[in-house]
Every structure is written in structure tokens, then in C-alpha cells.
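J.: My structure is below; once you've seen it, I'll send some questions.
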Amino acid sequence: MRAPRNRTIELTESEKDGLRSRVASKETGGASLIHGNAFEILPRLRPSTFDLLFADPPYNLTKTFGKKKFSQTSDERYETWLDSWLSLCVPLLKPTASVYVCGDWRSGSAIQRAGSKYFKLRNRITWEREKGRGAKANWKNASEDIWFFTVSDDFTFNLDAVKQRRRVIAPYRHNGKPKDWDEAGKFRDTHPSNLWTDISVPFWSMPENTDHPTQKPEKLLAKIILASTNPGDVILDPFAGSGTTGVVAKKLGRQFVAIESDEQYCLLAAKRLKMAETDRSIQGLVEGVFWERNSKKPTADKHR
């Protein structure tokens with residue numbers, strides 16, 4: 001039994017029957033959520049279609065995802081596995097596309113090498129995930145990385161869309177007037193860095209939370225999608241999990257193709273996409289602005 005205030009999204013048996021119609025079993029030309037194996041689906045997709053590839057593959061850890069299990073292997077074999085699906089994605093991307101691949105400290109070097117084989121490496125984002133088990137003889141793992149690549153030197157990066165509104169620590173003035181900050185609230189819109197400390201993994205009190213073991217937060221995807229795509233662009237996610245990429249794409253007016261091999265997670269994604277038809281809010285994005293944590297009460301994004 002969950003606590004009364006627990007907001008984790010669940011599926012009833014009756015809901016599953018109704019949601020199956022929202023999930024495709026193969027690519028049909030306009031499918032957005034596909035239940036299937038990425039290695040079988042990707043070769044069927046239309047070349048030069050996607051403006052953004054966001055991939056959150058299994059890390060090089062032994063972990064169970066629904067009915068499937070990924071087993072830790074050597075760095076060399078993991079890199080080969082990364083290459084096996086990245087190579088399938090390459091022809092699907094437009095020359096102006098961006099690529100983001102998630103990983104942890106164990107898998108980072110393999111991701112860098114595999115991605116750099118096909119793309120131009122731009123940066124590595126580190127985000128503070130907060131949750132993590134303590135260790136008696138090691139540092140607690142409380143962060144993950146996202147490797148940022150582009151197909152070419154011609155790519156989208158919407159700087160103003162992802163500036164962060166933060167409290168002013170050193171309030172500079174010019175001729176006695178505030179310089180680039182709001183005197184009333186003492187906030188400044190700052191350039192986004194590759195260190196993200198304003199995001200938390202979804203937890204039980206957040207309405208986006210599911211039981212997926214590695215669910216990414218909507219705010220994280222919102223930053224990436226707003227920075228690296230424009231309205232109407234098409235996003236590819238070959239490891240969709242509980243559907244965060246598709247949900248945020250829908251809320252922000254982008255198109256997407258999301259592939260997930262586990263039916264339960266596909267149905268969770270379908271439910272979240274259905275919820276997004278009436279609720280377009282993204283926690284931490286308020287009226288088109290990314291506020292630093294604990295500085296603005298989250299409300300529905302009225303601007304979108």
C-alpha cells in the first residue's frame with residue numbers, strides 16, 4: 001500500500017486494455033510510441049528524419065528493467081554494444097541534428113569513444129541526481145553524465161530558452177543601477193552551464209513519478225529539447241522507458257518517435273502521454289523560465 005500522498009503513476013488492468021491502442025507494434029510512418037526492440041525498429045525508420053537523438057541506454061551495470069535484464073560486462077564489450085545501436089541511428093539523423101547520450105562514471109569513457117566515432121563531441125553535462133545509496137568505503141554516487149554531440153558544426157542551440165533564473169550573489173551595478181539583474185527580487189538570468197544542480201530524480205510526491213528504476217526527470221529533458229530543437233522538430237528515443245522524452249516533446253510542441261521493448265513501460269508512457277493532453281506543466285519550468293530550486297513555486301506553464 002502506498003502512502004496517501006504518494007502520487008506515483010500506476011496502471012490498472014482496465015487501463016492497460018484501453019492504452020494498448022495508443023502503442024504501435026511497428027513503425028507506421030506516423031507512429032510516436034512503439035513497443036518493440038530498437039535493433040529491429042531502427043533500420044525501418046526513414047533516413048534523415050530526426051533533429052535530436054536522446055538516448056538513455058542501460059548503463060554498464062547489472063540491472064533489471066521490467067522483464068528484461070542487462071548484465072554488466074567489460075568496458076570493451078559495452079563500447080561495442082553502444083556502437084551496435086548508435087550506428088543504426090546515424091543515418092536517421094539530419095546533418096543539423098544533436099545527440100545526447102546518458103551514462104554514469106563507469107560508462108563515460110565508452111560513450112565518449114563510441115559517440116566520437118560518428119559525431120562531434122561538444123560537452124559533457126553532469127547533473128546532480130541526489131538519490132543514491134551511501135557507501136561505507138566509497139563516495140556516494142549522486143550524479144550522472146550526459147554526453148553532448150552534434151552531427152556537424154551546423155546545429156541548433158537556443159541559448160535564451162534555457163537560461164536559468166538565479167538569485168544574485170554579487171549584485172553588480174552600473175551608474176548606480178542594477179546590471180543584468182532584477183532589483184525587486186534580486187534574480188538574474190544566467191547562461192546555462194554543464195553542471196546541473198537544479199534537478200532531482202522523480203520521487204513519490206511528484207506527479208510525473210513512475211516505478212521505472214531509472215526514470216529521467218521532465219525538467220532535464222525540457223532543457224535538452226528547448227536548447228537543441230525548435231517547435232515541430234522530430235526527436236528519436238530508442239530506449240524510451242516510461243516515456244519522459246515523448247511526454248516533454250509533446251508538452252513543448254515537438255514530434256517524436258520513442259521505442260521501448262517492455263510492454264508495461266510502454267503502457268506507462270502511453271498513460272503519461274494521455275495525461276499530457278490536458279496537463280502541459282513541467283515542474284521547475286514556470287512561464288517559460290527555468291528557476292533555480294526552491295526559489296519559485298511550481299505552477300502550470302501558462303506560456304506554452
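Please note that chains go A, B, ... in the order of the C-alpha cells, that every chain numbers its residues from 1, and that ligands are numbered from 1 in the order shown.
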With only C-alpha atoms as the counted atoms, please give the residues lying no more than 7 Å from Val168 (chain A), apart from itself and same-chain residues fewer than 5 positions off, as a PDB file with C-alpha atoms, in the first residue's frame.

T.:
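The new file out-v4.pdb reads:
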ATOM      1  CA  LYS A 186      17.461  40.130  -6.944  1.00  0.00           C
ATOM      2  CA  PHE A 187      17.370  37.490  -9.694  1.00  0.00           C
ATOM      3  CA  ARG A 188      19.473  37.205 -12.827  1.00  0.00           C
TER       4      ARG A 188
END

J.: Can you list, as a list in words, every protein, DNA or RNA residue that comes within 8 Å of region 275-278 of chain A when you count only C-alpha atoms, leaving out same-chain residues fewer than 4 positions away?

T.: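 In the requested format, the answer is Val247, Lys250, Lys251 and Lys271 of chain A.
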
J.: Restricting the calculation to only C-alpha atoms: of A:Glu76, A:Asp233, A:Glu218, A:Asp153, which residue gets closest to Thr49 (chain A)?

T.: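 Under the stated criterion, the closest residue is A:Asp233.
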
J.: DSSP on the backbone, then: every residue of region 236-299 of chain A marked alpha helix (DSSP H), written as a compact mmCIF listing (two decimals) with N, CA and C atoms, in the first residue's frame.

T.:
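Saved as states_21.txt:
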# COMPACT_ATOMS: atom_id res chain seq x y z
N THR A 244 9.49 9.67 -20.73
CA THR A 244 9.73 11.08 -20.41
C THR A 244 10.04 11.91 -21.65
N THR A 245 10.85 11.39 -22.56
CA THR A 245 11.20 12.15 -23.75
C THR A 245 9.96 12.52 -24.55
N GLY A 246 9.11 11.54 -24.81
CA GLY A 246 7.90 11.79 -25.58
C GLY A 246 6.95 12.74 -24.88
N VAL A 247 6.82 12.58 -23.58
CA VAL A 247 5.92 13.44 -22.80
C VAL A 247 6.35 14.90 -22.89
N VAL A 248 7.64 15.14 -22.67
CA VAL A 248 8.13 16.52 -22.71
C VAL A 248 8.08 17.07 -24.13
N ALA A 249 8.40 16.23 -25.11
CA ALA A 249 8.30 16.67 -26.51
C ALA A 249 6.87 17.12 -26.81
N LYS A 250 5.91 16.35 -26.37
CA LYS A 250 4.51 16.70 -26.62
C LYS A 250 4.14 18.00 -25.92
N LYS A 251 4.58 18.18 -24.69
CA LYS A 251 4.27 19.40 -23.94
C LYS A 251 4.89 20.63 -24.57
N GLU A 263 6.51 -3.96 -22.47
CA GLU A 263 5.14 -3.50 -22.67
C GLU A 263 4.63 -2.69 -21.48
N GLN A 264 4.94 -3.08 -20.27
CA GLN A 264 4.48 -2.35 -19.09
C GLN A 264 4.94 -0.90 -19.13
N TYR A 265 6.21 -0.68 -19.46
CA TYR A 265 6.73 0.68 -19.53
C TYR A 265 6.12 1.44 -20.70
N CYS A 266 5.87 0.73 -21.80
CA CYS A 266 5.19 1.36 -22.94
C CYS A 266 3.82 1.88 -22.55
N LEU A 267 3.10 1.08 -21.79
CA LEU A 267 1.76 1.48 -21.36
C LEU A 267 1.82 2.63 -20.36
N LEU A 268 2.83 2.63 -19.50
CA LEU A 268 3.04 3.77 -18.61
C LEU A 268 3.29 5.03 -19.43
N ALA A 269 4.12 4.90 -20.45
CA ALA A 269 4.40 6.04 -21.33
C ALA A 269 3.12 6.51 -22.00
N ALA A 270 2.29 5.57 -22.46
CA ALA A 270 1.03 5.92 -23.12
C ALA A 270 0.11 6.67 -22.15
N LYS A 271 0.08 6.25 -20.90
CA LYS A 271 -0.75 6.94 -19.91
C LYS A 271 -0.24 8.35 -19.66
N ARG A 272 1.08 8.49 -19.55
CA ARG A 272 1.65 9.81 -19.33
C ARG A 272 1.40 10.73 -20.52
N LEU A 273 1.47 10.18 -21.73
CA LEU A 273 1.19 10.98 -22.92
C LEU A 273 -0.27 11.42 -22.95
N LYS A 274 -1.16 10.54 -22.50
CA LYS A 274 -2.57 10.90 -22.42
C LYS A 274 -2.78 12.01 -21.39
N MET A 275 -2.09 11.92 -20.26
CA MET A 275 -2.18 12.95 -19.23
C MET A 275 -1.66 14.29 -19.75

J.: Tell me, as an MDAnalysis selection string, which residues lie within 9 Å of Thr156 (chain A), counting only C-alpha atoms; anything in the same chain fewer than 2 positions away does not count.

T.: chainID A and resid 51 96:98 154 158 227:230

J.: Which neighbours of Phe54 (chain A) fall inside 7 Å, counting only C-alpha atoms, when residues of the same chain fewer than 2 positions from it are skipped, and could you give them as a tab-separated table (two decimals) with N, CA and C atoms, in the first residue's frame?

T.:
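Output contents, as saved in out_8.tsv:
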chain	number	residue	atom	x	y	z
A	52	LEU	N	16.96	15.48	-33.27
A	52	LEU	CA	17.59	15.23	-31.97
A	52	LEU	C	17.51	13.75	-31.64
A	56	ASP	N	18.98	7.13	-23.47
A	56	ASP	CA	19.24	6.76	-22.07
A	56	ASP	C	19.34	5.24	-22.01
A	99	VAL	N	22.91	15.20	-30.49
A	99	VAL	CA	22.85	13.87	-29.88
A	99	VAL	C	23.22	13.98	-28.41
A	100	TYR	N	22.39	13.40	-27.56
A	100	TYR	CA	22.67	13.36	-26.12
A	100	TYR	C	22.59	11.91	-25.67
A	101	VAL	N	23.65	11.43	-24.99
A	101	VAL	CA	23.69	10.05	-24.52
A	101	VAL	C	23.98	10.05	-23.02
A	236	LEU	N	14.16	11.45	-31.57
A	236	LEU	CA	14.24	9.99	-31.52
A	236	LEU	C	14.76	9.55	-30.15
A	237	ASP	N	14.04	8.60	-29.53
A	237	ASP	CA	14.48	7.99	-28.27
A	237	ASP	C	14.39	6.48	-28.42

J.: Rounded to one decimal, what separation in Å do you get between CA of Lys117 (chain A) and CA of Glu27 (chain A)?

T.: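 Pair CA of Lys117 (chain A) / CA of Glu27 (chain A) returns 27.3 Å.
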
J.: Which residues come within 6 Å of Phe256 (chain A), counting only C-alpha atoms, excluding same-chain residues fewer than 6 positions away, as a PyMOL selection string?

T.: chain A and resi 32+234-236

J.: Nearest to Ser295 (chain A) among A:Lys216, A:Lys69, A:Arg166, A:Lys120, with distances taken over only C-alpha atoms: which residue is it?

T.: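 That would be A:Arg166, the residue with the smallest distance to Ser295 (chain A).
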
J.: Have a look at A:Gly108, A:Gly284, A:Pro57, A:Gly134 and name the one nearest to Gly241 (chain A); count only C-alpha atoms.

T.: A:Pro57

J.: Apply DSSP to the structure's backbone, then extract all residues of region 1-207 of chain A labelled strand (DSSP E or B) and return them as an mmCIF file with C-alpha atoms, in the first residue's frame.

T.:
data_model
loop_
_atom_site.group_PDB
_atom_site.id
_atom_site.type_symbol
_atom_site.label_atom_id
_atom_site.label_comp_id
_atom_site.auth_asym_id
_atom_site.auth_seq_id
_atom_site.Cartn_x
_atom_site.Cartn_y
_atom_site.Cartn_z
ATOM 1 C CA ALA A 24 2.272 0.802 -32.141
ATOM 2 C CA LEU A 33 5.320 5.349 -29.313
ATOM 3 C CA ILE A 34 6.478 1.934 -30.495
ATOM 4 C CA HIS A 35 6.590 -1.296 -28.494
ATOM 5 C CA PHE A 50 15.379 13.380 -36.757
ATOM 6 C CA ASP A 51 16.611 16.675 -35.348
ATOM 7 C CA LEU A 52 17.587 15.234 -31.969
ATOM 8 C CA LEU A 53 18.663 11.853 -30.639
ATOM 9 C CA PHE A 54 18.236 11.416 -26.890
ATOM 10 C CA ALA A 55 19.419 8.049 -25.626
ATOM 11 C CA LYS A 63 20.101 -4.190 -13.581
ATOM 12 C CA THR A 64 16.588 -5.443 -14.276
ATOM 13 C CA PHE A 65 14.193 -3.364 -16.382
ATOM 14 C CA LYS A 68 14.472 -7.758 -19.131
ATOM 15 C CA LYS A 69 17.899 -7.775 -17.514
ATOM 16 C CA PHE A 70 21.091 -6.029 -18.579
ATOM 17 C CA LEU A 93 19.708 11.993 -38.207
ATOM 18 C CA LYS A 94 19.637 15.237 -40.133
ATOM 19 C CA PRO A 95 23.002 16.951 -40.782
ATOM 20 C CA THR A 96 21.955 19.631 -38.259
ATOM 21 C CA ALA A 97 20.957 17.164 -35.519
ATOM 22 C CA SER A 98 22.198 16.999 -31.932
ATOM 23 C CA VAL A 99 22.851 13.865 -29.881
ATOM 24 C CA TYR A 100 22.674 13.359 -26.125
ATOM 25 C CA VAL A 101 23.689 10.048 -24.521
ATOM 26 C CA CYS A 102 23.245 9.368 -20.794
ATOM 27 C CA GLY A 103 25.724 7.446 -18.685
ATOM 28 C CA LYS A 120 31.454 15.870 -32.985
ATOM 29 C CA LEU A 121 31.863 15.931 -29.208
ATOM 30 C CA ARG A 122 30.651 19.229 -27.723
ATOM 31 C CA ASN A 123 30.437 18.788 -23.966
ATOM 32 C CA ARG A 124 29.678 16.572 -21.013
ATOM 33 C CA ILE A 125 26.829 17.606 -18.734
ATOM 34 C CA THR A 126 26.880 16.437 -15.129
ATOM 35 C CA TRP A 127 23.606 16.556 -13.237
ATOM 36 C CA GLU A 128 23.048 16.023 -9.522
ATOM 37 C CA SER A 143 25.466 12.423 -10.130
ATOM 38 C CA GLU A 144 25.190 11.204 -13.700
ATOM 39 C CA ASP A 145 26.527 12.448 -17.027
ATOM 40 C CA ILE A 146 25.032 13.276 -20.403
ATOM 41 C CA TRP A 147 27.393 13.405 -23.379
ATOM 42 C CA PHE A 148 26.519 16.102 -25.918
ATOM 43 C CA PHE A 149 27.444 15.552 -29.584
ATOM 44 C CA THR A 150 26.388 17.112 -32.882
ATOM 45 C CA GLN A 164 18.440 29.804 -15.518
ATOM 46 C CA ARG A 165 16.900 32.416 -13.246
ATOM 47 C CA ARG A 166 19.053 32.501 -10.121
ATOM 48 C CA ARG A 167 19.428 34.643 -7.051
ATOM 49 C CA ARG A 173 25.678 47.998 -10.531
ATOM 50 C CA HIS A 174 26.428 50.337 -13.411
ATOM 51 C CA LYS A 177 21.565 50.864 -11.449
ATOM 52 C CA PRO A 178 21.348 47.039 -11.357
ATOM 53 C CA ASP A 182 16.103 42.475 -11.062
ATOM 54 C CA PHE A 187 17.370 37.490 -9.694
ATOM 55 C CA ARG A 188 19.473 37.205 -12.827
ATOM 56 C CA ASP A 189 19.000 35.061 -15.944
ATOM 57 C CA THR A 190 22.334 33.261 -16.226
ATOM 58 C CA LEU A 195 26.765 21.416 -14.184
ATOM 59 C CA TRP A 196 23.066 20.986 -13.349
#
